[in-house]
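Structure file protein.cif (mmCIF, C-alpha atoms and all ligand atoms) follows.
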```cif
data_model
loop_
_atom_site.label_atom_id
_atom_site.label_comp_id
_atom_site.auth_asym_id
_atom_site.auth_seq_id
_atom_site.Cartn_x
_atom_site.Cartn_y
_atom_site.Cartn_z
CA MET G 206 336.32 61.39 104.76
CA LYS G 207 333.69 64.06 104.28
CA ARG G 208 330.61 63.80 106.44
CA ASN G 209 328.15 63.47 103.56
CA ILE G 210 330.17 60.57 102.07
CA GLU G 211 330.43 58.91 105.47
CA ASP G 212 326.64 59.21 105.91
CA ALA G 213 325.93 57.86 102.42
CA PHE G 214 328.33 54.94 102.95
CA ASN G 215 326.71 54.12 106.30
CA LEU G 216 323.31 54.17 104.63
CA HIS G 217 324.57 51.88 101.90
CA LEU G 218 326.15 49.34 104.21
CA ASN G 219 322.72 49.02 105.82
CA ALA G 220 321.31 48.24 102.35
CA GLU G 221 323.94 45.50 101.93
CA PHE G 222 323.04 44.04 105.33
CA TYR G 223 319.39 44.18 104.27
CA SER G 224 320.38 42.22 101.14
CA PHE G 225 321.98 39.63 103.45
CA TYR G 226 318.70 39.41 105.38
CA LEU G 227 316.54 39.28 102.25
CA TYR G 228 318.52 36.45 100.65
CA LEU G 229 318.70 34.51 103.90
CA SER G 230 314.92 34.86 104.09
CA MET G 231 314.62 33.57 100.52
CA ALA G 232 316.95 30.65 101.42
CA ASN G 233 314.60 29.74 104.27
CA TYR G 234 311.61 29.93 101.92
CA PHE G 235 313.38 27.52 99.52
CA ALA G 236 314.32 25.22 102.44
CA ALA G 237 310.64 25.03 103.38
CA GLN G 238 309.91 23.97 99.77
CA ASN G 239 312.64 21.27 99.93
CA LEU G 240 314.52 22.95 97.09
CA GLU G 241 318.03 22.05 98.16
CA GLY G 242 319.92 23.75 95.34
CA MET G 243 318.06 27.05 95.64
CA THR G 244 318.51 27.01 99.41
CA HIS G 245 322.24 26.46 98.99
CA TRP G 246 322.53 29.12 96.27
CA MET G 247 320.67 31.76 98.30
CA ARG G 248 322.63 31.02 101.47
CA LEU G 249 325.84 31.66 99.57
CA GLN G 250 324.30 34.78 98.05
CA SER G 251 323.39 36.09 101.48
CA GLU G 252 326.95 35.42 102.66
CA GLU G 253 328.28 37.46 99.73
CA GLU G 254 326.07 40.34 100.80
CA ARG G 255 327.44 40.24 104.32
CA ILE G 256 330.93 40.44 102.82
CA HIS G 257 329.83 43.44 100.70
CA ALA G 258 328.59 45.21 103.83
CA MET G 259 331.88 44.45 105.60
CA LYS G 260 333.84 45.99 102.73
CA PHE G 261 332.02 49.27 103.46
CA VAL G 262 332.65 48.86 107.20
CA ASP G 263 336.38 48.38 106.57
CA PHE G 264 336.58 51.27 104.13
CA ILE G 265 334.89 53.72 106.52
CA ASN G 266 337.18 52.63 109.36
CA ASP G 267 340.28 52.84 107.15
CA ARG G 268 339.36 56.42 106.25
CA SER G 269 338.95 57.33 109.94
CA GLY G 270 335.20 57.64 109.55
CA ARG G 271 332.66 56.35 112.03
CA VAL G 272 330.58 53.28 111.27
CA VAL G 273 327.00 53.58 112.52
CA LEU G 274 324.99 50.36 112.49
CA ALA G 275 321.30 51.11 112.08
CA GLN G 276 318.26 48.89 112.34
CA ILE G 277 317.82 46.45 109.47
CA ASP G 278 314.32 46.26 107.98
CA GLN G 279 312.47 42.97 108.22
CA PRO G 280 312.52 41.22 104.83
CA ARG G 281 309.59 39.49 103.21
CA THR G 282 309.33 35.87 104.36
CA ASP G 283 307.14 34.25 101.73
CA TRP G 284 306.80 34.13 97.95
CA ASN G 285 304.23 32.57 95.65
CA SER G 286 306.82 30.64 93.66
CA PRO G 287 310.59 30.25 93.20
CA LEU G 288 310.20 32.41 90.08
CA GLU G 289 308.66 35.23 92.10
CA ALA G 290 311.50 35.02 94.66
CA PHE G 291 314.20 35.20 91.97
CA GLU G 292 312.33 38.05 90.24
CA ASP G 293 312.44 39.90 93.57
CA ALA G 294 316.16 39.16 93.85
CA TYR G 295 316.73 40.56 90.36
CA SER G 296 314.75 43.77 91.11
CA HIS G 297 316.63 44.14 94.36
CA GLU G 298 319.96 43.92 92.53
CA GLN G 299 318.79 46.61 90.11
CA LEU G 300 317.98 48.82 93.09
CA ILE G 301 321.40 48.19 94.64
CA SER G 302 323.07 49.03 91.30
CA SER G 303 321.29 52.38 91.22
CA LYS G 304 322.40 53.08 94.81
CA ILE G 305 326.00 52.27 93.87
CA ASN G 306 325.73 54.61 90.86
CA ASP G 307 324.48 57.38 93.17
CA LEU G 308 327.48 56.82 95.45
CA VAL G 309 329.84 57.06 92.47
CA GLU G 310 328.24 60.39 91.50
CA LEU G 311 328.62 61.69 95.04
CA ALA G 312 332.29 60.60 95.16
CA ASN G 313 332.87 62.45 91.88
CA GLN G 314 331.11 65.58 93.09
CA GLU G 315 333.21 65.61 96.25
CA ARG G 316 336.40 64.76 94.33
CA ASP G 317 336.93 61.79 96.67
CA HIS G 318 339.16 59.65 94.46
CA ALA G 319 339.69 56.94 97.09
CA ALA G 320 335.92 56.46 97.46
CA HIS G 321 335.54 56.50 93.69
CA GLN G 322 338.17 53.79 93.26
CA PHE G 323 336.70 51.69 96.08
CA LEU G 324 333.28 51.82 94.40
CA GLN G 325 334.57 50.58 91.05
CA TRP G 326 334.71 47.01 92.41
CA PHE G 327 331.00 47.30 93.22
CA VAL G 328 330.17 48.72 89.79
CA SER G 329 331.61 45.57 88.15
CA GLU G 330 330.13 43.29 90.79
CA GLN G 331 326.63 44.67 90.15
CA VAL G 332 326.87 43.83 86.44
CA GLU G 333 327.57 40.22 87.46
CA GLU G 334 324.93 40.17 90.21
CA GLU G 335 322.18 41.39 87.87
CA ALA G 336 323.22 39.03 85.06
CA THR G 337 323.27 35.99 87.37
CA ALA G 338 319.87 36.72 88.92
CA LEU G 339 318.30 37.45 85.54
CA GLY G 340 319.78 34.22 84.11
CA ILE G 341 317.99 32.17 86.77
CA VAL G 342 314.74 34.16 86.29
CA GLU G 343 314.84 33.37 82.56
CA GLN G 344 315.44 29.67 83.17
CA LEU G 345 312.52 29.55 85.62
CA ARG G 346 310.26 31.38 83.16
CA ARG G 347 311.18 28.86 80.49
CA VAL G 348 310.21 25.81 82.60
CA GLY G 349 306.96 27.43 83.80
CA ASP G 350 304.89 24.98 85.82
CA ASN G 351 306.89 21.93 84.81
CA PRO G 352 308.03 20.29 88.12
CA VAL G 353 310.75 18.25 86.40
CA GLY G 354 312.22 21.42 84.90
CA LEU G 355 312.13 23.10 88.31
CA LEU G 356 313.99 20.19 89.91
CA MET G 357 316.60 20.29 87.13
CA ILE G 358 317.29 23.96 87.81
CA ASP G 359 317.40 23.21 91.53
CA GLN G 360 320.00 20.48 90.97
CA GLN G 361 322.07 22.81 88.85
CA LEU G 362 322.17 25.44 91.64
CA VAL G 363 323.59 22.89 94.12
CA GLY G 364 326.88 23.37 92.29
CA ARG G 365 327.50 26.95 93.37
CA THR G 366 330.79 27.20 95.28
CA PRO G 367 331.49 29.60 98.15
CA PRO G 368 333.71 32.64 97.59
CA THR G 369 337.35 31.71 98.25
CA ASP G 370 338.14 35.11 99.72
CA SER G 371 336.45 38.44 100.31
CA ALA G 372 337.93 39.92 97.11
CA SER G 373 336.10 37.39 94.94
CA ALA G 374 332.77 37.71 96.73
FE1 LIG C 1 325.77 43.50 97.35
FE2 LIG C 1 324.00 41.84 95.53
O1 LIG C 1 324.72 43.49 95.93
#
```
For this file, write the structure as structure tokens.
Ligand code: FEO
Amino acid sequence: MKRNIEDAFNLHLNAEFYSFYLYLSMANYFAAQNLEGMTHWMRLQSEEERIHAMKFVDFINDRSGRVVLAQIDQPRTDWNSPLEAFEDAYSHEQLISSKINDLVELANQERDHAAHQFLQWFVSEQVEEEATALGIVEQLRRVGDNPVGLLMIDQQLVGRTPPTDSASA
């Protein structure tokens, strides 16, 4: 693979590992609030992000590139409310979507069809990731300060199931 694509992919896998860190940090915030469903949901979300990062690791290795693991930034550890945490998660997914779009543009410019095809999975995944995060943000906005409503949403999020394999993550 070309050097500029290898560099951009290495940079992006760091962003996916940062997502893993950020969501694990949010899971710990929810655990401290005794919000079992949100803790569970965010732990699974963080695991999905680790799998996303590993997809980039595998792709770079498969193309005889060199994976370079860089330092991962420290994520925020506290939020003012579950709503604020999920709003952050939604903004973060929007940021990741724009990074994926930039990678697609680069793959096109460099006529790297394998990279382009690899990225298509992420293009679809980001649509889902943004929609899911925004859905929870909207539910939390609707319940506002109502503690019963918050607990109902929390109970609903207990039901999230882990990915069955890396392809469905
Ligand atoms: Fe890996 Fe949530 O984007």
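When only C-alpha atoms are used to measure the gap to Leu249 in chain G, the shortest distance among G:Val332, G:Ala236, G:Leu229, G:Met357 belongs to G:Leu229.
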* Structure fact -> Using only C-alpha atoms and all ligand atoms, the shortest atom-to-atom distance to ligand LIG 1 (chain C) among G:Arg281, G:Arg346, G:His245, G:Lys304 belongs to G:Lys304
* Asked: Quick one: residues within 12 Å of ligand LIG 1 (chain C), with all atoms listed in the file, as number ranges by chain?
  -> G: 217-228, 247, 249-261, 293-305, 324, 326-338, 374
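Atom pair CA of Glu310 in chain G / CA of Asp212 in chain G has a distance of 14.5 Å (rounded to one decimal).
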* Length of the CA of Pro280 in chain G to CA of Leu356 in chain G vector [Å] -> 25.8 Å
* Point-to-point distance in Å for CA of Thr282 in chain G and CA of Ser230 in chain G ->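 It comes out at 5.7 Å.
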* Surrounding residues of range 238-243 of chain G excluding itself and chain neighbours under 2 positions, 9 Å, all atoms listed in the file, as a list in words -> Met231, Ala232, Asn233, Tyr234, Phe235, Ala236, His245, Trp246, Met247, Arg248, Pro287, Leu356, Ile358, Asp359, Gln360, Gln361, Leu362, Val363, Gly364 and Arg365 of chain G
* Nearest to Leu308 in chain G among G:Leu355, G:Ile265, G:Ala320, G:Ile277, with distances taken over all atoms listed in the file: which residue is it? ->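 For Leu308 in chain G, the nearest of the candidates is G:Ala320.
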* Asked: From the list G:Glu292, G:Glu211, G:Gln314, G:Gly270, which residue is nearest Gln344 in chain G when using all atoms listed in the file?
  ->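 Ranking G:Glu292, G:Glu211, G:Gln314, G:Gly270 by distance to Gln344 in chain G, first place goes to G:Glu292.
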* Structure fact -> Nearest to Asp263 in chain G, restricted to all atoms listed in the file and choosing among G:Phe214, G:Ala237, G:Ile341, G:His321, comes out as G:Phe214
* To do: Measuring atom to atom with all atoms listed in the file, identify which of G:Leu288, G:Gln279, G:Asn313, G:Asn215 is nearest to Gly340 in chain G.
  =>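 Ranking G:Leu288, G:Gln279, G:Asn313, G:Asn215 by distance to Gly340 in chain G, first place goes to G:Leu288.
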